[in-house]
Amino acid sequence: MGRSRRTLPEELLLLALDPTTGTTAQPQSLDLGLAGAQLVELALAGRIAPDGDRIAVVAPRPTGDPTLDCALELLRRRGAPVRAVNWIGGPRLGLRQTYLSHLERCGMVHAVAGQMCGVLPTTRYQATDNEISREIKSRLDSAIRTGVPPDPRTAALAALAHAVGLGKHLYPGNEGRSSRSRLRDLIRHDPMGGLVAHAVMDVQNGVAAQPRRSPAPAGRQAGPGAARPAPEPARGVPMQPRRGPMARAVAH
């Protein structure tokens, strides 16, 4: 994969950056969105493909992007298709900072040191050229305004932006209500983007839908009092603890 084009995680992060404050909108859900954006980018590169509600590696060769290749290798090591909701809800420690540091190295943002409450050191990131963010948003604006089906990359970006709650950041107030609604509707134009976006929203809502059970064979329908087998854990995905920070399914 060449580096002449920005990846979806980079674009999603640039959309979330506030040009005035240097903070990111929806930081917790954005972390989930970045993990989802990696999946869509790998799918666009032909490395993974949807398999029902799971993600399957179809071409494990590297893309040339170190962060994407790390995610691809982790998926490959699972040895079986991974449920999108489990992958996105898994630990992604430092993913947002990884992309912020990358954007800084590329000269697209610069770090601004500060303090919180006059004591705690903080770092904010401001775009060095707001034209880049405007160009990204203009693609969404065009798809919203014209109603013409967007390309898969823009459709996936719209789906992810809606999923992480950037609609109110990009189209605020009552005047932006119709644009937020159309942003949500763009989710249908890219199957992979739609799958990932719904997984992001499921994680935020605490939904971890169990795999669908196969119908019982004819003549062996379970009666109302029959015991039902416990659902099996997702293949290749370690069981998450019920308590503690991991159960919140939010990467930092």
# chains A, B, ... in the order shown; residues from 1 in each chain; ligands from 1
call {"tool": "residues_around", "arguments": {"residues": "segment 3-17 of chain A", "least_positions_apart": "4", "cutoff": "7 Å", "atoms": "only C-alpha atoms", "output": "count of residues only"}}
result
14
call {"tool": "residues_around", "arguments": {"residues": "segment 188-195 of chain A", "least_positions_apart": "3", "cutoff": "9 Å", "atoms": "only C-alpha atoms", "output": "PyMOL selection string"}}
result
chain A and resi 36-37+39-40+43-44+49-50+53+84+149-160+184-185+198-200
call {"tool": "select_by_dssp", "arguments": {"residues": "segment 2-192 of chain A", "states": "strand (DSSP E)", "output": "ChimeraX atom specification"}}
result
/A:48-51,54-57,82-83,109-116,120-127
call {"tool": "residues_around", "arguments": {"residues": "Thr123 of chain A", "least_positions_apart": "4", "cutoff": "6 Å", "atoms": "only C-alpha atoms", "output": "number ranges by chain"}}
result
A: 112-114
call {"tool": "select_by_dssp", "arguments": {"residues": "segment 18-191 of chain A", "states": "helix (DSSP H, G or I)", "output": "ChimeraX atom specification"}}
result
/A:27-44,66-78,84-88,95-105,130-146,152-163,167-170,174-189,191
call {"tool": "residues_around", "arguments": {"residues": "Asp129 of chain A", "least_positions_apart": "5", "cutoff": "12 Å", "atoms": "only C-alpha atoms", "output": "ChimeraX atom specification"}}
result
/A:14,19,103-104,106-110,134-135
call {"tool": "atom_distance", "arguments": {"atom1": "atom CA of Leu170 of chain A", "atom2": "atom CA of Arg105 of chain A"}}
result
25.6 Å
call {"tool": "closest_residue", "arguments": {"among": "A:Gly94, A:Leu183, A:Asp31, A:Pro60", "to": "Arg139 of chain A", "atoms": "only C-alpha atoms"}}
result
A:Leu183
call {"tool": "atom_distance", "arguments": {"atom1": "atom CA of Gln26 of chain A", "atom2": "atom CA of Tyr171 of chain A"}}
result
14.1 Å
call {"tool": "residues_around", "arguments": {"residues": "Glu73 of chain A", "least_positions_apart": "5", "cutoff": "10 Å", "atoms": "only C-alpha atoms", "output": "short mmCIF file (atom, residue, chain, number, x, y, z; two decimals) with N, CA, C and O atoms, in the first residue's frame"}}
result
data_model
loop_
_atom_site.label_atom_id
_atom_site.label_comp_id
_atom_site.auth_asym_id
_atom_site.auth_seq_id
_atom_site.Cartn_x
_atom_site.Cartn_y
_atom_site.Cartn_z
N VAL A 57 -9.20 -13.28 7.36
CA VAL A 57 -8.00 -12.88 6.62
C VAL A 57 -7.96 -13.68 5.33
O VAL A 57 -8.01 -14.91 5.35
N PRO A 60 -2.65 -12.54 3.79
CA PRO A 60 -1.89 -12.06 4.94
C PRO A 60 -0.63 -11.27 4.61
O PRO A 60 0.10 -10.88 5.52
N ARG A 61 -0.37 -11.01 3.34
CA ARG A 61 0.86 -10.27 3.01
C ARG A 61 0.76 -8.84 3.53
O ARG A 61 -0.32 -8.24 3.55
N PRO A 62 1.90 -8.26 3.94
CA PRO A 62 1.90 -6.91 4.53
C PRO A 62 1.41 -5.85 3.55
O PRO A 62 1.52 -5.99 2.33
N LEU A 68 -1.27 -0.85 10.36
CA LEU A 68 -2.22 -1.77 9.75
C LEU A 68 -1.68 -3.19 9.73
O LEU A 68 -2.41 -4.16 9.97
N ARG A 78 -5.10 -15.29 15.06
CA ARG A 78 -6.29 -15.88 15.66
C ARG A 78 -6.60 -17.24 15.04
O ARG A 78 -7.21 -18.09 15.66
#
call {"tool": "closest_residue", "arguments": {"among": "A:Val82, A:Ser138, A:Gly173, A:Val164", "to": "Gln204 of chain A", "atoms": "only C-alpha atoms"}}
result
A:Val164
call {"tool": "atom_distance", "arguments": {"atom1": "atom CA of Val196 of chain A", "atom2": "atom CA of Gly46 of chain A"}}
result
15.8 Å
